[in-house]
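As provided, target-v3.cif (mmCIF, C-alpha atoms) reads as follows.
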```
data_model
#
loop_
_atom_site.group_PDB
_atom_site.id
_atom_site.type_symbol
_atom_site.label_atom_id
_atom_site.label_comp_id
_atom_site.auth_asym_id
_atom_site.auth_seq_id
_atom_site.Cartn_x
_atom_site.Cartn_y
_atom_site.Cartn_z
ATOM 1 C CA MET A 1 18.256 -4.035 -12.944
ATOM 2 C CA THR A 2 18.718 -6.502 -10.108
ATOM 3 C CA SER A 3 18.157 -10.239 -10.363
ATOM 4 C CA ALA A 4 14.627 -11.536 -9.893
ATOM 5 C CA THR A 5 16.016 -14.738 -8.377
ATOM 6 C CA ARG A 6 17.537 -13.151 -5.264
ATOM 7 C CA GLN A 7 15.788 -14.347 -2.131
ATOM 8 C CA PRO A 8 13.972 -11.919 0.146
ATOM 9 C CA LYS A 9 15.992 -10.029 2.726
ATOM 10 C CA THR A 10 13.909 -9.036 5.719
ATOM 11 C CA PRO A 11 14.514 -5.976 7.924
ATOM 12 C CA ALA A 12 13.972 -6.315 11.630
ATOM 13 C CA ALA A 13 10.444 -5.262 12.627
ATOM 14 C CA ALA A 14 10.748 -2.912 15.588
ATOM 15 C CA VAL A 15 6.976 -2.404 15.910
ATOM 16 C CA PRO A 16 3.978 -4.294 14.509
ATOM 17 C CA PRO A 17 2.899 -2.841 11.128
ATOM 18 C CA ARG A 18 -0.410 -1.013 10.877
ATOM 19 C CA LEU A 19 -0.279 0.056 7.228
ATOM 20 C CA ILE A 20 1.084 -1.385 3.980
ATOM 21 C CA ALA A 21 1.943 1.136 1.260
ATOM 22 C CA THR A 22 2.602 -0.401 -2.124
ATOM 23 C CA ASP A 23 3.434 0.938 -5.546
ATOM 24 C CA LEU A 24 1.558 -0.669 -8.447
ATOM 25 C CA ASP A 25 3.436 -0.957 -11.756
ATOM 26 C CA GLY A 26 6.521 -3.120 -11.424
ATOM 27 C CA THR A 27 5.650 -3.821 -7.794
ATOM 28 C CA LEU A 28 2.161 -5.104 -6.938
ATOM 29 C CA LEU A 29 1.121 -5.646 -10.568
ATOM 30 C CA ARG A 30 2.686 -8.275 -12.753
ATOM 31 C CA ASP A 31 4.139 -7.150 -16.069
ATOM 32 C CA ASP A 32 0.816 -7.934 -17.778
ATOM 33 C CA LYS A 33 -0.795 -5.402 -15.350
ATOM 34 C CA SER A 34 -2.755 -8.098 -13.527
ATOM 35 C CA VAL A 35 -3.064 -8.654 -9.790
ATOM 36 C CA SER A 36 -2.328 -12.313 -9.157
ATOM 37 C CA PRO A 37 -4.737 -14.455 -7.093
ATOM 38 C CA ARG A 38 -1.969 -14.917 -4.536
ATOM 39 C CA THR A 39 -1.558 -11.164 -4.164
ATOM 40 C CA VAL A 40 -5.322 -10.595 -3.940
ATOM 41 C CA ALA A 41 -5.476 -13.145 -1.114
ATOM 42 C CA ALA A 42 -2.521 -11.576 0.698
ATOM 43 C CA LEU A 43 -4.037 -8.084 0.543
ATOM 44 C CA ALA A 44 -7.363 -9.375 1.852
ATOM 45 C CA ALA A 45 -5.617 -11.236 4.674
ATOM 46 C CA ALA A 46 -3.735 -8.092 5.690
ATOM 47 C CA GLU A 47 -6.951 -6.061 5.830
ATOM 48 C CA GLU A 48 -8.657 -8.833 7.810
ATOM 49 C CA ALA A 49 -5.757 -8.716 10.276
ATOM 50 C CA GLY A 50 -6.365 -4.991 10.790
ATOM 51 C CA ILE A 51 -3.527 -3.709 8.585
ATOM 52 C CA GLU A 52 -4.623 -0.992 6.157
ATOM 53 C CA VAL A 53 -3.422 -1.253 2.555
ATOM 54 C CA PHE A 54 -2.741 1.891 0.562
ATOM 55 C CA PHE A 55 -1.962 1.866 -3.146
ATOM 56 C CA VAL A 56 0.605 4.621 -3.739
ATOM 57 C CA THR A 57 1.243 5.156 -7.435
ATOM 58 C CA GLY A 58 2.291 7.559 -10.142
ATOM 59 C CA ARG A 59 -0.835 6.580 -12.082
ATOM 60 C CA PRO A 60 -3.662 9.062 -12.536
ATOM 61 C CA ALA A 61 -7.027 8.258 -10.981
ATOM 62 C CA ARG A 62 -8.511 7.188 -14.325
ATOM 63 C CA TRP A 63 -5.988 4.321 -14.516
ATOM 64 C CA MET A 64 -6.939 2.837 -11.137
ATOM 65 C CA ASP A 65 -9.614 0.434 -12.362
ATOM 66 C CA VAL A 66 -7.069 -2.384 -12.262
ATOM 67 C CA VAL A 67 -7.137 -2.305 -8.434
ATOM 68 C CA SER A 68 -10.538 -0.772 -7.703
ATOM 69 C CA ASP A 69 -11.881 -4.141 -6.563
ATOM 70 C CA HIS A 70 -9.135 -4.540 -3.970
ATOM 71 C CA VAL A 71 -9.332 -1.338 -1.898
ATOM 72 C CA HIS A 72 -11.365 -2.929 0.912
ATOM 73 C CA GLY A 73 -12.615 -0.701 3.740
ATOM 74 C CA HIS A 74 -11.163 2.772 3.346
ATOM 75 C CA GLY A 75 -11.210 2.812 -0.474
ATOM 76 C CA LEU A 76 -8.423 5.384 -0.759
ATOM 77 C CA ALA A 77 -5.397 5.482 -3.048
ATOM 78 C CA ILE A 78 -2.585 7.985 -3.458
ATOM 79 C CA CYS A 79 -2.234 8.853 -7.143
ATOM 80 C CA GLY A 80 -0.015 11.029 -9.299
ATOM 81 C CA ASN A 81 3.073 10.503 -7.098
ATOM 82 C CA GLY A 82 1.309 12.103 -4.155
ATOM 83 C CA ALA A 83 -0.549 14.853 -6.019
ATOM 84 C CA ALA A 84 -3.965 13.387 -5.161
ATOM 85 C CA VAL A 85 -5.714 11.153 -2.677
ATOM 86 C CA VAL A 86 -8.610 9.454 -4.435
ATOM 87 C CA ASP A 87 -11.649 7.548 -3.148
ATOM 88 C CA LEU A 88 -12.080 4.556 -5.455
ATOM 89 C CA HIS A 89 -15.347 3.314 -3.955
ATOM 90 C CA GLY A 90 -17.502 4.709 -6.732
ATOM 91 C CA GLY A 91 -15.989 2.447 -9.370
ATOM 92 C CA PRO A 92 -14.715 3.269 -12.867
ATOM 93 C CA GLY A 93 -15.296 6.851 -13.945
ATOM 94 C CA THR A 94 -16.663 8.029 -10.591
ATOM 95 C CA HIS A 95 -13.496 8.388 -8.518
ATOM 96 C CA ARG A 96 -13.687 11.247 -6.005
ATOM 97 C CA PHE A 97 -10.707 13.457 -5.190
ATOM 98 C CA VAL A 98 -10.318 13.635 -1.405
ATOM 99 C CA LYS A 99 -7.096 15.664 -1.353
ATOM 100 C CA VAL A 100 -5.292 17.546 -4.143
ATOM 101 C CA ARG A 101 -1.737 18.898 -3.908
ATOM 102 C CA GLU A 102 -1.475 20.851 -7.113
ATOM 103 C CA LEU A 103 1.437 22.175 -9.107
ATOM 104 C CA ALA A 104 1.018 25.949 -9.452
ATOM 105 C CA ARG A 105 0.901 26.981 -13.092
ATOM 106 C CA GLU A 106 3.623 29.560 -12.498
ATOM 107 C CA ASN A 107 5.933 26.819 -11.184
ATOM 108 C CA ALA A 108 4.980 24.541 -14.060
ATOM 109 C CA LEU A 109 5.796 27.237 -16.620
ATOM 110 C CA ASP A 110 9.150 27.865 -14.930
ATOM 111 C CA ALA A 111 9.933 24.149 -15.035
ATOM 112 C CA VAL A 112 9.016 23.931 -18.726
ATOM 113 C CA ARG A 113 11.209 26.920 -19.598
ATOM 114 C CA LEU A 114 14.208 25.810 -17.552
ATOM 115 C CA LEU A 115 14.135 22.253 -18.821
ATOM 116 C CA ARG A 116 13.697 23.348 -22.435
ATOM 117 C CA ASP A 117 16.871 25.418 -22.046
ATOM 118 C CA ALA A 118 18.774 22.602 -20.331
ATOM 119 C CA ALA A 119 17.582 19.807 -22.638
ATOM 120 C CA PRO A 120 16.466 21.056 -26.071
ATOM 121 C CA GLY A 121 14.024 18.657 -27.666
ATOM 122 C CA THR A 122 12.049 18.013 -24.474
ATOM 123 C CA VAL A 123 8.306 17.695 -25.067
ATOM 124 C CA TYR A 124 5.521 17.953 -22.502
ATOM 125 C CA ALA A 125 2.111 16.792 -21.377
ATOM 126 C CA VAL A 126 -0.065 18.231 -18.613
ATOM 127 C CA GLU A 127 -1.957 16.005 -16.184
ATOM 128 C CA GLN A 128 -4.908 17.637 -14.406
ATOM 129 C CA THR A 129 -7.533 16.223 -12.092
ATOM 130 C CA TYR A 130 -9.810 15.222 -14.976
ATOM 131 C CA GLY A 131 -8.059 16.375 -18.149
ATOM 132 C CA PHE A 132 -4.947 15.336 -20.060
ATOM 133 C CA TYR A 133 -3.297 17.774 -22.471
ATOM 134 C CA GLN A 134 -0.135 17.452 -24.519
ATOM 135 C CA GLU A 135 2.157 19.021 -27.054
ATOM 136 C CA PRO A 136 1.819 17.746 -30.639
ATOM 137 C CA ASP A 137 5.206 15.971 -30.548
ATOM 138 C CA TYR A 138 4.656 14.289 -27.181
ATOM 139 C CA PRO A 139 4.597 10.527 -27.893
ATOM 140 C CA LYS A 140 1.525 8.385 -27.351
ATOM 141 C CA LEU A 141 3.195 6.509 -24.538
ATOM 142 C CA HIS A 142 0.034 5.190 -22.901
ATOM 143 C CA MET A 143 -2.535 5.364 -25.692
ATOM 144 C CA GLU A 144 -3.933 8.536 -24.178
ATOM 145 C CA ILE A 145 -6.348 10.628 -26.234
ATOM 146 C CA PRO A 146 -5.459 14.195 -25.232
ATOM 147 C CA ASP A 147 -8.185 16.751 -24.682
ATOM 148 C CA THR A 148 -6.061 19.422 -26.403
ATOM 149 C CA LEU A 149 -2.882 19.567 -28.485
ATOM 150 C CA ALA A 150 -0.857 22.759 -28.017
ATOM 151 C CA PRO A 151 2.537 24.007 -26.792
ATOM 152 C CA ALA A 152 2.992 23.580 -23.041
ATOM 153 C CA GLU A 153 3.099 27.337 -22.528
ATOM 154 C CA ARG A 154 -0.387 27.549 -24.032
ATOM 155 C CA LEU A 155 -1.649 24.535 -22.068
ATOM 156 C CA LEU A 156 -0.564 26.202 -18.817
ATOM 157 C CA ALA A 157 -1.816 29.704 -19.625
ATOM 158 C CA PRO A 158 -4.463 31.316 -17.358
ATOM 159 C CA ASP A 159 -7.064 31.036 -20.137
ATOM 160 C CA ALA A 160 -6.060 27.546 -21.282
ATOM 161 C CA PRO A 161 -8.571 24.727 -21.711
ATOM 162 C CA GLY A 162 -9.142 23.256 -18.285
ATOM 163 C CA ALA A 163 -7.787 26.357 -16.563
ATOM 164 C CA GLY A 164 -10.285 25.841 -13.735
ATOM 165 C CA GLU A 165 -8.807 22.431 -12.887
ATOM 166 C CA PRO A 166 -5.736 21.906 -10.698
ATOM 167 C CA VAL A 167 -2.566 20.747 -12.431
ATOM 168 C CA LEU A 168 -1.366 17.552 -10.749
ATOM 169 C CA LYS A 169 1.888 17.153 -12.657
ATOM 170 C CA ILE A 170 3.567 17.774 -15.956
ATOM 171 C CA LEU A 171 5.284 15.034 -17.928
ATOM 172 C CA ALA A 172 8.528 15.723 -19.746
ATOM 173 C CA PHE A 173 9.864 13.343 -22.404
ATOM 174 C CA HIS A 174 13.170 13.379 -24.237
ATOM 175 C CA PRO A 175 13.769 11.037 -27.186
ATOM 176 C CA THR A 176 17.540 10.531 -26.806
ATOM 177 C CA ILE A 177 18.858 11.321 -23.307
ATOM 178 C CA ASP A 178 19.584 8.478 -20.880
ATOM 179 C CA PRO A 179 16.691 8.315 -18.361
ATOM 180 C CA ASP A 180 18.827 8.647 -15.227
ATOM 181 C CA ALA A 181 20.919 11.409 -16.764
ATOM 182 C CA PHE A 182 17.724 13.246 -17.743
ATOM 183 C CA LEU A 183 16.433 13.012 -14.167
ATOM 184 C CA THR A 184 19.669 14.423 -12.745
ATOM 185 C CA LEU A 185 19.773 17.205 -15.315
ATOM 186 C CA ALA A 186 16.151 18.174 -14.671
ATOM 187 C CA ARG A 187 16.559 18.267 -10.898
ATOM 188 C CA LEU A 188 19.547 20.563 -11.250
ATOM 189 C CA ALA A 189 17.792 22.818 -13.773
ATOM 190 C CA ILE A 190 14.451 23.103 -11.976
ATOM 191 C CA GLY A 191 15.730 23.209 -8.409
ATOM 192 C CA GLU A 192 13.165 23.947 -5.694
ATOM 193 C CA ARG A 193 10.439 25.109 -8.084
ATOM 194 C CA ALA A 194 9.029 21.585 -8.390
ATOM 195 C CA ASN A 195 9.656 17.974 -7.418
ATOM 196 C CA VAL A 196 11.052 15.861 -10.259
ATOM 197 C CA THR A 197 11.094 12.068 -10.411
ATOM 198 C CA ARG A 198 10.558 9.186 -12.818
ATOM 199 C CA SER A 199 8.877 5.791 -12.915
ATOM 200 C CA SER A 200 9.211 4.856 -16.579
ATOM 201 C CA PRO A 201 12.080 2.928 -18.175
ATOM 202 C CA SER A 202 12.171 5.642 -20.846
ATOM 203 C CA ALA A 203 13.352 9.235 -20.445
ATOM 204 C CA LEU A 204 9.977 10.348 -19.117
ATOM 205 C CA LEU A 205 9.975 12.615 -16.071
ATOM 206 C CA GLU A 206 7.091 13.432 -13.732
ATOM 207 C CA ILE A 207 7.120 16.956 -12.304
ATOM 208 C CA SER A 208 4.941 17.783 -9.278
ATOM 209 C CA GLY A 209 4.562 20.649 -6.849
ATOM 210 C CA PRO A 210 7.422 21.487 -4.454
ATOM 211 C CA GLY A 211 7.549 18.907 -1.667
ATOM 212 C CA VAL A 212 4.900 16.708 -3.291
ATOM 213 C CA SER A 213 5.908 13.061 -3.336
ATOM 214 C CA LYS A 214 4.519 9.661 -2.499
ATOM 215 C CA ALA A 215 6.245 9.919 0.870
ATOM 216 C CA SER A 216 4.918 13.329 1.894
ATOM 217 C CA THR A 217 1.303 12.532 1.001
ATOM 218 C CA LEU A 218 1.521 9.110 2.630
ATOM 219 C CA ALA A 219 2.844 10.823 5.757
ATOM 220 C CA LEU A 220 -0.205 13.133 5.766
ATOM 221 C CA CYS A 221 -2.587 10.177 5.413
ATOM 222 C CA CYS A 222 -0.820 8.295 8.189
ATOM 223 C CA ALA A 223 -0.876 11.315 10.503
ATOM 224 C CA GLU A 224 -4.653 11.551 10.037
ATOM 225 C CA ARG A 225 -4.895 7.949 11.235
ATOM 226 C CA GLY A 226 -2.441 8.254 14.109
ATOM 227 C CA ILE A 227 0.012 5.919 12.367
ATOM 228 C CA SER A 228 3.737 6.571 12.734
ATOM 229 C CA HIS A 229 6.266 5.920 9.994
ATOM 230 C CA GLU A 230 7.679 3.046 12.080
ATOM 231 C CA GLU A 231 4.315 1.273 11.653
ATOM 232 C CA VAL A 232 4.414 1.440 7.831
ATOM 233 C CA VAL A 233 5.701 -1.264 5.471
ATOM 234 C CA ALA A 234 6.377 0.031 1.935
ATOM 235 C CA PHE A 235 7.146 -1.605 -1.419
ATOM 236 C CA GLY A 236 8.535 -0.104 -4.631
ATOM 237 C CA ASP A 237 10.730 -0.514 -7.686
ATOM 238 C CA MET A 238 11.528 2.867 -9.296
ATOM 239 C CA PRO A 239 13.042 6.257 -8.354
ATOM 240 C CA ASN A 240 9.621 7.745 -7.578
ATOM 241 C CA ASP A 241 9.437 5.258 -4.679
ATOM 242 C CA VAL A 242 12.752 6.181 -3.046
ATOM 243 C CA GLU A 243 11.430 8.813 -0.619
ATOM 244 C CA MET A 244 8.575 6.538 0.482
ATOM 245 C CA LEU A 245 10.897 3.599 1.064
ATOM 246 C CA THR A 246 13.297 5.781 3.029
ATOM 247 C CA TRP A 247 10.465 7.174 5.180
ATOM 248 C CA ALA A 248 8.749 3.894 6.049
ATOM 249 C CA GLY A 249 9.807 1.881 9.081
ATOM 250 C CA GLN A 250 10.177 -1.225 6.912
ATOM 251 C CA SER A 251 10.655 -1.086 3.155
ATOM 252 C CA TYR A 252 11.242 -3.566 0.377
ATOM 253 C CA ALA A 253 12.840 -3.189 -3.027
ATOM 254 C CA MET A 254 11.446 -5.587 -5.593
ATOM 255 C CA GLY A 255 13.746 -8.098 -7.270
ATOM 256 C CA ASN A 256 13.355 -6.058 -10.466
ATOM 257 C CA ALA A 257 14.044 -2.706 -8.760
ATOM 258 C CA HIS A 258 16.188 0.201 -9.938
ATOM 259 C CA PRO A 259 19.572 0.350 -8.129
ATOM 260 C CA ASP A 260 18.584 3.569 -6.313
ATOM 261 C CA VAL A 261 15.574 1.754 -4.870
ATOM 262 C CA VAL A 262 17.695 -1.153 -3.700
ATOM 263 C CA ALA A 263 19.983 1.314 -1.929
ATOM 264 C CA ALA A 264 17.053 3.130 -0.272
ATOM 265 C CA ALA A 265 15.085 0.124 0.988
ATOM 266 C CA SER A 266 15.761 -1.670 4.247
ATOM 267 C CA GLY A 267 14.823 -5.062 2.774
ATOM 268 C CA ARG A 268 14.559 -7.035 -0.453
ATOM 269 C CA THR A 269 11.903 -9.285 -1.917
ATOM 270 C CA VAL A 270 11.512 -11.168 -5.168
ATOM 271 C CA ALA A 271 10.281 -9.632 -8.409
ATOM 272 C CA ASN A 272 6.780 -8.407 -9.185
ATOM 273 C CA ASN A 273 6.161 -11.369 -11.501
ATOM 274 C CA ASP A 274 7.014 -13.668 -8.580
ATOM 275 C CA ASP A 275 4.493 -11.976 -6.245
ATOM 276 C CA GLY A 276 7.154 -10.254 -4.148
ATOM 277 C CA VAL A 277 4.641 -8.158 -2.210
ATOM 278 C CA ALA A 278 2.546 -11.207 -1.325
ATOM 279 C CA VAL A 279 5.655 -13.110 -0.203
ATOM 280 C CA VAL A 280 6.420 -10.457 2.412
ATOM 281 C CA ILE A 281 2.809 -10.007 3.550
ATOM 282 C CA GLU A 282 2.349 -13.748 4.013
ATOM 283 C CA ARG A 283 5.491 -13.998 6.113
ATOM 284 C CA MET A 284 4.600 -10.875 8.087
ATOM 285 C CA LEU A 285 1.156 -12.244 8.964
ATOM 286 C CA ALA A 286 2.576 -15.659 9.869
ATOM 287 C CA GLU A 287 4.929 -13.992 12.349
ATOM 288 C CA ARG A 288 1.981 -12.300 14.078
ATOM 289 C CA VAL A 289 0.353 -15.612 14.994
#
```

Go through the file and emit its structure as structure tokens.
Amino acid sequence: MTSATRQPKTPAAAVPPRLIATDLDGTLLRDDKSVSPRTVAALAAAEEAGIEVFFVTGRPARWMDVVSDHVHGHGLAICGNGAAVVDLHGGPGTHRFVKVRELARENALDAVRLLRDAAPGTVYAVEQTYGFYQEPDYPKLHMEIPDTLAPAERLLAPDAPGAGEPVLKILAFHPTIDPDAFLTLARLAIGERANVTRSSPSALLEISGPGVSKASTLALCCAERGISHEEVVAFGDMPNDVEMLTWAGQSYAMGNAHPDVVAAASGRTVANNDDGVAVVIERMLAERV
């Protein structure tokens, strides 16, 4: 990990920003999962200045309560690494799915089979729009209470519980492989059948539909608003942010970011616990005056 004491490095702004796209965990949120008062004020100031703020996260919709009070006008967030666009206006438990980019069950089953062969000992969970299902040996990483315990092949079968719901992503965990090595291995094994990334410090992979990423869904949302990638400022800290940071006109790796994120971003800011997103927004707004 990179030092949290490094001072921000700012890319040149070719065009005025119209949209801020920020990851949550390890980026906007502090390590205690709070949004600091400074960050709340910076987000509100950006919206007041006419700059939209989009939360772009690997989290499922049911974990978005931590920022539901800060979505301002449009109320939308990109969840599940781009698998869903969710309207948060309704508050906890009433989030509405605006757009879903599902992982076909056939592709999911292929990914499970190929990764089992490449990395014996891998265990799985299945994330759907409203349900969460897992294998018996999948660890309780987030204190989830699964709707069903069964082998992944059963969870993804045509007559499985929740078969009428879209699959947003599958989660693959390995107890011993190095996280970066596991990501590389999985991408090679699965190929074009699905998009594979990670956001956890453990060997936990997130597997979505082909071409589904934070970047591709953000690009769709921006196109609907007539916003070009040059007008987007993005923030992130983990490999699941790399495509988004590469796509955005300006992008910032947090002071606590993974080395791949540092390489992908055009700028640097301080760590999430030091309000790195707010630091950049404050400076950006000051330069507009």

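Minimum atom-to-atom distances from A:Val56, A:Ala21, A:Leu115, A:Ala108 to Arg193 in chain A were compared using only C-alpha atoms, and the lowest value belongs to A:Ala108.
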
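Between Pro166 in chain A and the residues A:Asp178, A:Glu102, A:Glu192, A:Asp137, the shortest atom-to-atom distance, using all atoms listed in the file, involves A:Glu102.
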
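Comparing the minimum interatomic distances between Met238 in chain A and each of A:Asp65, A:Glu47, A:Asp275, A:Asp180, counting all atoms listed in the file, we find that A:Asp180 sits nearest.
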
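When all atoms listed in the file are used to compute distances to Cys79 in chain A, the closest of the residues A:Pro139, A:Thr39, A:Ile190, A:Ser213 turns out to be A:Ser213.
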
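Distances here use only C-alpha atoms; by that measure, the residue among A:Pro210, A:Gly255, A:Pro158, A:Pro60 closest to Gly236 in chain A is A:Gly255.
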
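Minimum atom-to-atom distances from A:Val15, A:Val40, A:Ala152, A:Ala125 to Val279 in chain A were compared using only C-alpha atoms, and the lowest value belongs to A:Val40.
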
For Arg59 in chain A, work out the shell of residues within 9 Å, counting all atoms listed in the file and skipping chain neighbours fewer than 5 positions away, then give it as an NGL selection string. :A and (24-25 or 64 or 78-81)

Within 12 Å of Ala111 in chain A, counting only C-alpha atoms, which residues show up once you throw out same-chain ones fewer than 3 positions away? Write them as an MDAnalysis selection string, please. chainID A and resid 103:108 114:119 122 124 152:153 156 169:172 186:196 205:210

Name the residues captured by the PyMOL selection byres ((chain A and resi 214) around 6) when it is applied to the shown file; answer as a tab-separated table (two decimals) with C-alpha atoms, keeping the file's coordinate frame.
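Listing of out_37.tsv after writing:
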```tsv
chain	number	residue	atom	x	y	z
A	81	ASN	CA	3.07	10.50	-7.10
A	82	GLY	CA	1.31	12.10	-4.16
A	213	SER	CA	5.91	13.06	-3.34
A	215	ALA	CA	6.24	9.92	0.87
A	216	SER	CA	4.92	13.33	1.89
A	217	THR	CA	1.30	12.53	1.00
A	218	LEU	CA	1.52	9.11	2.63
A	244	MET	CA	8.57	6.54	0.48
```

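Taking CA of Ala253 in chain A as the reference point, CA of Leu76 in chain A is found at 23.0 Å.
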
List as an MDAnalysis selection string the protein and nucleic acid residues near range 173-176 of chain A, meaning an atom at most 6 Å away when all atoms listed in the file are counted, but skip any in the same chain fewer than 3 places from it. chainID A and resid 122:123 203:204

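The residues returned by the PyMOL selection byres ((chain A and resi 263) around 12) on the shown structure are Thr2, Gly236, Asp237, Met238, Pro239, Asp241, Val242, Glu243, Leu245, Thr246, Ser251, Tyr252, Ala253, Met254, Ala257, His258, Pro259, Asp260, Val261, Val262, Ala264, Ala265, Ser266, Gly267 and Arg268 of chain A.
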
For the file shown, what are the residues hit by the PyMOL selection byres ((chain A and resi 278) around 9), laid out as a PyMOL selection string? chain A and resi 28+38-43+274-277+279-283

So that I can see what lies close to Glu52 in chain A, please list as an mmCIF file with C-alpha atoms, in the coordinates of the input the residues with an atom at most 7 Å from it, counting all atoms listed in the file and leaving out residues fewer than 4 positions away in the same chain.
```cif
data_model
loop_
_atom_site.group_PDB
_atom_site.id
_atom_site.type_symbol
_atom_site.label_atom_id
_atom_site.label_comp_id
_atom_site.auth_asym_id
_atom_site.auth_seq_id
_atom_site.Cartn_x
_atom_site.Cartn_y
_atom_site.Cartn_z
ATOM 1 C CA ARG A 18 -0.410 -1.013 10.877
ATOM 2 C CA LEU A 19 -0.279 0.056 7.228
ATOM 3 C CA ILE A 20 1.084 -1.385 3.980
ATOM 4 C CA GLU A 47 -6.951 -6.061 5.830
#
```

Please write out, as lines of an AutoDock Vina configuration file, where the centre of an axis-aligned box around all listed atoms of range 197-200 of chain A lies and how long its edges are, in Å to one decimal, after adding 8 Å on each side.
```
center_x = 10.0
center_y = 8.5
center_z = -13.5
size_x = 18.2
size_y = 23.2
size_z = 22.2
```

Between CA of Tyr133 in chain A and CA of Asp147 in chain A, distance in Å (one decimal): 5.5 Å

Do you have the CA of Met284 in chain A-CA of Glu231 in chain A distance handy? 12.7 Å

Since fewer atoms than expected are present, regenerate all heavy atoms for range 226-231 of chain A and write them as a tab-separated table (two decimals), keeping the file's coordinate frame.
```
chain	number	residue	atom	x	y	z
A	226	GLY	N	-3.23	8.51	12.92
A	226	GLY	CA	-2.44	8.25	14.11
A	226	GLY	C	-1.43	7.14	13.92
A	226	GLY	O	-1.08	6.44	14.87
A	227	ILE	N	-0.96	6.97	12.69
A	227	ILE	CA	0.01	5.92	12.37
A	227	ILE	C	1.38	6.56	12.18
A	227	ILE	O	1.53	7.52	11.41
A	227	ILE	CB	-0.42	5.17	11.10
A	227	ILE	CG1	-1.74	4.44	11.32
A	227	ILE	CG2	0.66	4.18	10.65
A	227	ILE	CD1	-2.32	3.79	10.07
A	228	SER	N	2.38	6.05	12.85
A	228	SER	CA	3.74	6.57	12.73
A	228	SER	C	4.45	5.90	11.57
A	228	SER	O	4.04	4.83	11.09
A	228	SER	CB	4.52	6.32	14.02
A	228	SER	OG	4.79	4.92	14.17
A	229	HIS	N	5.54	6.51	11.12
A	229	HIS	CA	6.27	5.92	9.99
A	229	HIS	C	6.86	4.56	10.37
A	229	HIS	O	7.02	3.69	9.50
A	229	HIS	CB	7.36	6.87	9.50
A	229	HIS	CG	8.54	7.00	10.40
A	229	HIS	ND1	9.69	6.26	10.23
A	229	HIS	CD2	8.76	7.77	11.50
A	229	HIS	CE1	10.56	6.58	11.17
A	229	HIS	NE2	10.03	7.49	11.95
A	230	GLU	N	7.16	4.35	11.66
A	230	GLU	CA	7.68	3.05	12.08
A	230	GLU	C	6.66	1.92	11.88
A	230	GLU	O	7.03	0.74	11.82
A	230	GLU	CB	8.09	3.08	13.56
A	230	GLU	CG	9.28	3.97	13.85
A	230	GLU	CD	8.87	5.36	14.27
A	230	GLU	OE1	7.68	5.71	14.04
A	230	GLU	OE2	9.71	6.10	14.80
A	231	GLU	N	5.38	2.27	11.79
A	231	GLU	CA	4.32	1.27	11.65
A	231	GLU	C	3.92	1.03	10.19
A	231	GLU	O	2.93	0.37	9.92
A	231	GLU	CB	3.09	1.72	12.45
A	231	GLU	CG	3.35	1.83	13.95
A	231	GLU	CD	2.19	2.47	14.69
A	231	GLU	OE1	1.82	3.62	14.35
A	231	GLU	OE2	1.66	1.83	15.62
```
